[in-house]
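Trainee: Structure: input_4.pdb, PDB, C-alpha atoms.
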ATOM      1  CA  MET A 540     104.503 138.579 132.052
ATOM      2  CA  GLU A 541     104.254 137.108 135.546
ATOM      3  CA  PHE A 542     101.936 134.420 134.202
ATOM      4  CA  LEU A 543     104.509 133.409 131.561
ATOM      5  CA  THR A 544     107.247 133.029 134.177
ATOM      6  CA  ASP A 545     105.194 130.619 136.283
ATOM      7  CA  PRO A 546     107.217 127.340 136.450
ATOM      8  CA  ASN A 547     104.083 125.284 135.808
ATOM      9  CA  VAL A 548     103.194 127.285 132.701
ATOM     10  CA  ILE A 549     106.761 127.048 131.404
ATOM     11  CA  TYR A 550     106.741 123.299 131.985
ATOM     12  CA  LEU A 551     103.498 122.922 130.022
ATOM     13  CA  LEU A 552     104.860 125.053 127.180
ATOM     14  CA  ILE A 553     108.109 123.133 126.754
ATOM     15  CA  MET A 554     106.308 119.781 126.911
ATOM     16  CA  ALA A 555     103.796 121.001 124.323
ATOM     17  CA  GLY A 556     106.685 122.049 122.082
ATOM     18  CA  LEU A 557     108.284 118.610 122.424
ATOM     19  CA  TRP A 558     105.014 116.795 121.701
ATOM     20  CA  ILE A 559     104.290 118.936 118.642
ATOM     21  CA  SER A 560     107.828 118.338 117.336
ATOM     22  CA  ALA A 561     107.479 114.578 117.938
ATOM     23  CA  THR A 562     104.162 114.538 116.079
ATOM     24  CA  GLY A 563     105.793 116.277 113.122
ATOM     25  CA  THR A 564     108.529 113.642 113.109
ATOM     26  CA  TYR A 565     105.977 110.832 112.997
ATOM     27  CA  ILE A 566     103.947 112.578 110.294
ATOM     28  CA  PRO A 567     106.533 114.113 107.935
ATOM     29  CA  GLY A 568     105.380 116.316 105.112
ATOM     30  CA  THR A 569     104.642 120.014 105.469
ATOM     31  CA  GLY A 570     107.170 120.775 108.202
ATOM     32  CA  ILE A 571     104.614 123.008 109.955
ATOM     33  CA  ALA A 572     104.541 120.889 113.132
ATOM     34  CA  GLU A 573     108.336 120.717 113.312
ATOM     35  CA  ILE A 574     108.691 124.492 112.865
ATOM     36  CA  GLY A 575     105.865 125.230 115.306
ATOM     37  CA  GLY A 576     107.273 122.856 117.913
ATOM     38  CA  ALA A 577     110.802 124.246 117.560
ATOM     39  CA  GLY A 578     109.483 127.805 117.819
ATOM     40  CA  LEU A 579     107.557 126.992 120.976
ATOM     41  CA  ILE A 580     110.616 125.326 122.528
ATOM     42  CA  LEU A 581     112.819 128.335 121.715
ATOM     43  CA  ALA A 582     110.250 130.719 123.181
ATOM     44  CA  THR A 583     110.084 128.594 126.328
ATOM     45  CA  LEU A 584     113.878 128.587 126.640
ATOM     46  CA  TYR A 585     113.779 132.377 126.535
ATOM     47  CA  LEU A 586     111.230 132.416 129.369
ATOM     48  CA  MET A 587     113.459 130.036 131.318
ATOM     49  CA  SER A 588     116.353 132.440 130.928
ATOM     50  CA  LEU A 589     114.346 134.931 133.002
ATOM     51  CA  LEU A 590     114.371 132.527 135.954
ATOM     52  CA  ALA A 591     117.075 130.745 137.932
ATOM     53  CA  THR A 592     117.062 127.702 135.668
ATOM     54  CA  ASN A 593     119.045 124.497 135.996
ATOM     55  CA  TRP A 594     120.134 124.122 132.367
ATOM     56  CA  ILE A 595     121.533 120.642 132.904
ATOM     57  CA  ALA A 596     118.048 119.571 133.986
ATOM     58  CA  VAL A 597     116.588 121.243 130.881
ATOM     59  CA  ILE A 598     118.974 119.276 128.649
ATOM     60  CA  ALA A 599     118.091 116.084 130.513
ATOM     61  CA  LEU A 600     114.362 116.811 130.142
ATOM     62  CA  VAL A 601     114.629 117.360 126.396
ATOM     63  CA  ALA A 602     116.893 114.310 125.986
ATOM     64  CA  GLY A 603     114.582 112.073 128.013
ATOM     65  CA  ALA A 604     111.463 113.153 126.125
ATOM     66  CA  SER A 605     113.277 112.832 122.788
ATOM     67  CA  LEU A 606     114.457 109.313 123.603
ATOM     68  CA  PHE A 607     110.934 108.299 124.536
ATOM     69  CA  PHE A 608     109.399 109.644 121.336
ATOM     70  CA  LEU A 609     112.189 108.872 118.856
ATOM     71  CA  LEU A 610     113.658 105.476 119.813
ATOM     72  CA  PRO A 611     110.524 103.547 118.698
ATOM     73  CA  LEU A 612     110.616 105.520 115.450
ATOM     74  CA  LEU A 613     114.163 104.334 114.770
ATOM     75  CA  LYS A 614     113.535 100.705 115.724
ATOM     76  CA  SER A 615     110.327  99.151 117.080
ATOM     77  CA  GLU A 616     112.301  96.755 119.313
ATOM     78  CA  TRP A 617     113.548  99.760 121.292
ATOM     79  CA  GLU A 618     110.059 100.740 122.471
ATOM     80  CA  ASN A 619     110.482  99.231 125.951
ATOM     81  CA  LEU A 620     113.913 100.837 126.314
ATOM     82  CA  ALA A 621     112.380 104.182 125.374
ATOM     83  CA  VAL A 622     110.260 104.132 128.543
ATOM     84  CA  ALA A 623     113.462 104.942 130.446
ATOM     85  CA  GLY A 624     113.310 108.316 128.709
ATOM     86  CA  LEU A 625     110.122 109.056 130.642
ATOM     87  CA  GLY A 626     111.974 108.380 133.884
ATOM     88  CA  VAL A 627     114.721 110.832 132.901
ATOM     89  CA  GLN A 628     112.049 113.365 131.926
ATOM     90  CA  ALA A 629     110.283 113.040 135.287
ATOM     91  CA  ILE A 630     113.448 113.383 137.372
ATOM     92  CA  ALA A 631     114.672 116.373 135.360
ATOM     93  CA  SER A 632     111.270 118.055 135.722
ATOM     94  CA  PHE A 633     111.719 118.235 139.504
ATOM     95  CA  LEU A 634     115.081 119.977 139.101
ATOM     96  CA  LEU A 635     114.284 122.603 136.464
ATOM     97  CA  PHE A 636     114.313 125.698 138.675
ATOM     98  CA  ALA A 637     116.472 126.702 141.645
ATOM     99  CA  GLU A 638     114.005 129.018 143.381
ATOM    100  CA  ALA A 639     110.708 127.373 142.438
ATOM    101  CA  SER A 640     109.429 123.973 141.455
ATOM    102  CA  VAL A 641     106.956 122.444 139.062
ATOM    103  CA  SER A 642     103.935 120.861 140.703
ATOM    104  CA  PRO A 643     104.551 117.103 141.285
ATOM    105  CA  PHE A 644     100.986 116.439 140.158
ATOM    106  CA  LEU A 645     101.646 118.311 136.905
ATOM    107  CA  ILE A 646     104.837 116.307 136.347
ATOM    108  CA  LEU A 647     102.987 113.028 136.955
ATOM    109  CA  PHE A 648     100.198 114.183 134.647
ATOM    110  CA  GLY A 649     102.750 115.139 131.971
ATOM    111  CA  VAL A 650     104.484 111.753 132.131
ATOM    112  CA  LEU A 651     101.201 109.821 131.977
ATOM    113  CA  LEU A 652      99.900 112.020 129.157
ATOM    114  CA  ALA A 653     103.120 111.552 127.149
ATOM    115  CA  TRP A 654     102.899 107.781 127.590
ATOM    116  CA  ALA A 655      99.200 107.693 126.614
ATOM    117  CA  TYR A 656      99.750 110.040 123.653
ATOM    118  CA  HIS A 657     102.535 107.886 122.292
ATOM    119  CA  ARG A 658     100.751 104.566 122.821
ATOM    120  CA  SER A 659      97.339 105.604 121.543
ATOM    121  CA  ILE A 660      98.239 108.044 118.756
ATOM    122  CA  LEU A 661     101.893 108.109 117.673
ATOM    123  CA  ARG A 662     102.361 104.335 117.728
ATOM    124  CA  SER A 663      99.205 103.930 115.623
ATOM    125  CA  ILE A 664     100.513 106.497 113.125
ATOM    126  CA  LEU A 665     103.861 104.678 112.931
ATOM    127  CA  GLN A 666     102.174 101.318 112.361
ATOM    128  CA  GLN A 667     100.076 102.777 109.538
ATOM    129  CA  ARG A 668     103.222 104.223 107.937
ATOM    130  CA  LEU A 669     104.991 100.857 108.097
ATOM    131  CA  GLU A 670     102.004  99.037 106.625
ATOM    132  CA  LEU A 671     101.679 101.619 103.856
ATOM    133  CA  SER A 672     105.384 101.367 103.100
ATOM    134  CA  SER A 673     105.119  97.581 102.839
ATOM    135  CA  THR A 674     102.070  97.833 100.551
ATOM    136  CA  GLN A 675     103.813 100.350  98.301
ATOM    137  CA  LYS A 676     106.877  98.134  98.078
ATOM    138  CA  ASP A 677     104.767  95.130  97.117
ATOM    139  CA  ALA A 678     102.930  97.110  94.475
ATOM    140  CA  PHE A 679     106.261  98.400  93.168
ATOM    141  CA  LEU A 680     107.619  94.880  92.531
ATOM    142  CA  VAL A 681     104.468  93.228  91.195
ATOM    143  CA  GLY A 682     104.673  93.348  87.426
ATOM    144  CA  ALA A 683     108.436  93.890  87.434
ATOM    145  CA  ARG A 684     110.459  91.729  85.064
ATOM    146  CA  GLY A 685     113.640  89.865  85.785
ATOM    147  CA  ARG A 686     115.763  86.840  84.965
ATOM    148  CA  VAL A 687     116.177  83.444  86.602
ATOM    149  CA  MET A 688     119.689  83.189  88.057
ATOM    150  CA  ALA A 689     119.404  79.655  89.454
ATOM    151  CA  ASP A 690     117.013  77.017  88.139
ATOM    152  CA  ILE A 691     113.624  77.186  89.819
ATOM    153  CA  GLU A 692     112.146  73.843  90.726
ATOM    154  CA  ASP A 693     109.472  75.105  93.077
ATOM    155  CA  ARG A 694     112.035  77.566  94.489
ATOM    156  CA  GLY A 695     115.110  79.304  93.083
ATOM    157  CA  THR A 696     116.810  82.662  92.615
ATOM    158  CA  VAL A 697     115.877  85.527  90.322
ATOM    159  CA  GLN A 698     117.304  88.951  89.652
ATOM    160  CA  VAL A 699     114.737  91.762  89.618
ATOM    161  CA  ARG A 700     115.717  95.420  89.238
ATOM    162  CA  GLY A 701     119.322  94.707  90.079
ATOM    163  CA  GLU A 702     118.617  92.688  93.247
ATOM    164  CA  LEU A 703     118.640  88.950  93.913
ATOM    165  CA  TRP A 704     115.435  87.441  95.327
ATOM    166  CA  THR A 705     114.287  84.018  96.396
ATOM    167  CA  ALA A 706     111.458  83.082  94.069
ATOM    168  CA  ARG A 707     108.809  80.429  93.621
ATOM    169  CA  SER A 708     107.124  79.298  90.430
ATOM    170  CA  ARG A 709     104.386  76.803  89.646
ATOM    171  CA  ALA A 710     106.353  75.630  86.625
ATOM    172  CA  ARG A 711     110.023  74.702  86.341
ATOM    173  CA  LEU A 712     112.096  77.602  85.042
ATOM    174  CA  GLU A 713     115.671  77.287  83.814
ATOM    175  CA  SER A 714     118.489  79.738  84.465
ATOM    176  CA  GLY A 715     118.331  82.665  82.048
ATOM    177  CA  THR A 716     114.556  82.534  81.603
ATOM    178  CA  GLU A 717     112.825  85.920  81.534
ATOM    179  CA  VAL A 718     110.181  86.161  84.263
ATOM    180  CA  VAL A 719     107.577  88.588  85.577
ATOM    181  CA  VAL A 720     106.710  89.037  89.269
ATOM    182  CA  THR A 721     103.097  88.179  90.039
ATOM    183  CA  ARG A 722     103.186  88.424  93.833
ATOM    184  CA  GLN A 723     105.449  89.276  96.759
ATOM    185  CA  ASP A 724     105.340  87.553 100.149
ATOM    186  CA  GLY A 725     107.823  89.412 102.325
ATOM    187  CA  LEU A 726     111.278  88.667 100.884
ATOM    188  CA  GLU A 727     110.018  85.944  98.550
ATOM    189  CA  LEU A 728     108.626  86.531  95.066
ATOM    190  CA  GLN A 729     106.120  84.520  93.060
ATOM    191  CA  VAL A 730     107.093  84.574  89.378
ATOM    192  CA  GLU A 731     106.033  83.158  86.069
ATOM    193  CA  LYS A 732     107.621  82.974  82.642
ATOM    194  CA  ALA A 733     107.288  86.271  80.815
ATOM    195  CA  LYS A 734     105.331  86.303  77.596
ATOM    196  CA  ARG A 735     107.300  87.163  74.494
ATOM    197  CA  GLU A 736     105.947  90.717  74.318
ATOM    198  CA  GLU A 737     106.753  91.258  78.037
ATOM    199  CA  ALA A 738     110.318  89.969  77.811
ATOM    200  CA  LYS A 739     113.187  92.446  77.924
TER
END
Can I see the file as structure tokens?

Mentor:
Amino acid sequence: MEFLTDPNVIYLLIMAGLWISATGTYIPGTGIAEIGGAGLILATLYLMSLLATNWIAVIALVAGASLFFLLPLLKSEWENLAVAGLGVQAIASFLLFAEASVSPFLILFGVLLAWAYHRSILRSILQQRLELSSTQKDAFLVGARGRVMADIEDRGTVQVRGELWTARSRARLESGTEVVVTRQDGLELQVEKAKREEAK
């Protein structure tokens, strides 16, 4: 029991719980990582209750780590801002316990490991998810049928599956013409006149 109330061990346990939970957020599916991470965090909070713990620092630690891991997941442009979460995490780590302290070297190691873990693993996972999502979206629209809403002379507007899209066509297409999507380039579709048997 004495081993489990060592501030350094408790620090490692709560950080492990946060990292496991973050990994589950980046790789959704089974929910095992999220449940395991939450369970580890709850167990660590119980161990903290056995010591003279600064609970404000605990909240700040969890908030800082969460900001670092989750902000880039919400919006990639926030990745640099998320680094501030590491600063909050580091400061809070020094203030966790009233009668003992976590090793400064362990705190530095934890911050550097969190940064490296996010940059080398979680960011790669997120990028793969975004690329897969884009590929699935493209595949979803290719072959879809729609109708020309504004004459296409090289470029115009079509309605596909209830949404308006900018579209290009190699041939001139008049408003009302039934079309089929042959390619998607971002927010622009390549279309051609639908054959009679393909028309709605």

Trainee: Please, what distance in Å, to one decimal, runs between CA of Thr721 (chain A) and CA of Gly682 (chain A)?

Mentor: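 Those two atoms sit 6.0 Å apart.
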
Trainee: Do a neighbour search on region 694-698 of chain A at 10 Å with only C-alpha atoms, toss out local chain neighbours closer than 4 positions, and write the hits as JSON, numbers by chain.

Mentor: {"A": [684, 685, 686, 687, 688, 689, 690, 702, 703, 704, 705, 706, 707, 708, 709, 710, 711, 712, 713, 714, 715, 716, 717, 718, 720, 727, 728, 729, 730]}

Trainee: How far is it from CA of Leu635 (chain A) to CA of Ala599 (chain A), in Å with one decimal?

Mentor: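 Going from CA of Leu635 (chain A) over to CA of Ala599 (chain A) covers 9.6 Å.
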
Trainee: What is the distance, in Å and to one decimal place, between CA of Ser640 (chain A) and CA of Asn547 (chain A)?

Mentor: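 For CA of Ser640 (chain A) relative to CA of Asn547 (chain A), the distance reads 7.9 Å.
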
Trainee: Any idea what's packed within 7 Å of Gly556 (chain A), counting only C-alpha atoms, ignoring anything in its chain fewer than 3 positions away? Could you give it as a PyMOL selection string?

Mentor: chain A and resi 552-553+559-560+576-577+579-580

Trainee: For a quick check of understanding, using only C-alpha atoms, which of A:Ala591, A:Leu634, A:Met554, A:Ile664 has the smallest distance to Ala604 (chain A)?

Mentor: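 Under the stated criterion, the closest residue is A:Met554.
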
Trainee: Could you pull the residues within 10 Å of Pro643 (chain A), counting all atoms listed in the file, minus those fewer than 5 positions along the same chain, as a ChimeraX atom specification?

Mentor: /A:547,629,632-633,648-649

Trainee: Rank nothing, just name the residue among A:Asp545, A:Asp724, A:Glu618, A:Glu692 nearest to Thr583 (chain A), using all atoms listed in the file.

Mentor: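 Closest candidate: A:Asp545.
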
Trainee: Would you compute an axis-aligned box for region 644-660 of chain A, covering every atom listed for it in the file with 5 Å of margin on each side, and report centre and edge lengths in Å to one decimal as JSON?

Mentor:
{"center_x": 101.1, "center_y": 111.4, "center_z": 129.5, "size_x": 17.5, "size_y": 23.7, "size_z": 31.4}

Trainee: May I have the protein, DNA and RNA residues with any atom at most 10 Å from the point (113.5, 129.5, 132.0), counting all atoms listed in the file, written as a PDB file with C-alpha atoms, keeping the file's coordinate frame?

Mentor:
ATOM      1  CA  LEU A 543     104.509 133.409 131.561  1.00  0.00           C
ATOM      2  CA  THR A 544     107.247 133.029 134.177  1.00  0.00           C
ATOM      3  CA  ASP A 545     105.194 130.619 136.283  1.00  0.00           C
ATOM      4  CA  PRO A 546     107.217 127.340 136.450  1.00  0.00           C
ATOM      5  CA  ILE A 549     106.761 127.048 131.404  1.00  0.00           C
ATOM      6  CA  TYR A 550     106.741 123.299 131.985  1.00  0.00           C
ATOM      7  CA  ILE A 553     108.109 123.133 126.754  1.00  0.00           C
ATOM      8  CA  ALA A 582     110.250 130.719 123.181  1.00  0.00           C
ATOM      9  CA  THR A 583     110.084 128.594 126.328  1.00  0.00           C
ATOM     10  CA  LEU A 584     113.878 128.587 126.640  1.00  0.00           C
ATOM     11  CA  TYR A 585     113.779 132.377 126.535  1.00  0.00           C
ATOM     12  CA  LEU A 586     111.230 132.416 129.369  1.00  0.00           C
ATOM     13  CA  MET A 587     113.459 130.036 131.318  1.00  0.00           C
ATOM     14  CA  SER A 588     116.353 132.440 130.928  1.00  0.00           C
ATOM     15  CA  LEU A 589     114.346 134.931 133.002  1.00  0.00           C
ATOM     16  CA  LEU A 590     114.371 132.527 135.954  1.00  0.00           C
ATOM     17  CA  ALA A 591     117.075 130.745 137.932  1.00  0.00           C
ATOM     18  CA  THR A 592     117.062 127.702 135.668  1.00  0.00           C
ATOM     19  CA  ASN A 593     119.045 124.497 135.996  1.00  0.00           C
ATOM     20  CA  TRP A 594     120.134 124.122 132.367  1.00  0.00           C
ATOM     21  CA  VAL A 597     116.588 121.243 130.881  1.00  0.00           C
ATOM     22  CA  LEU A 635     114.284 122.603 136.464  1.00  0.00           C
ATOM     23  CA  PHE A 636     114.313 125.698 138.675  1.00  0.00           C
TER      24      PHE A 636
END

Trainee: Where does the PyMOL selection byres ((chain A and resi 565) around 9) land in this file, that is, which residues does it pick, as an MDAnalysis selection string?

Mentor: chainID A and resid 560:564 566:567 609 612 661:662 664:665 668
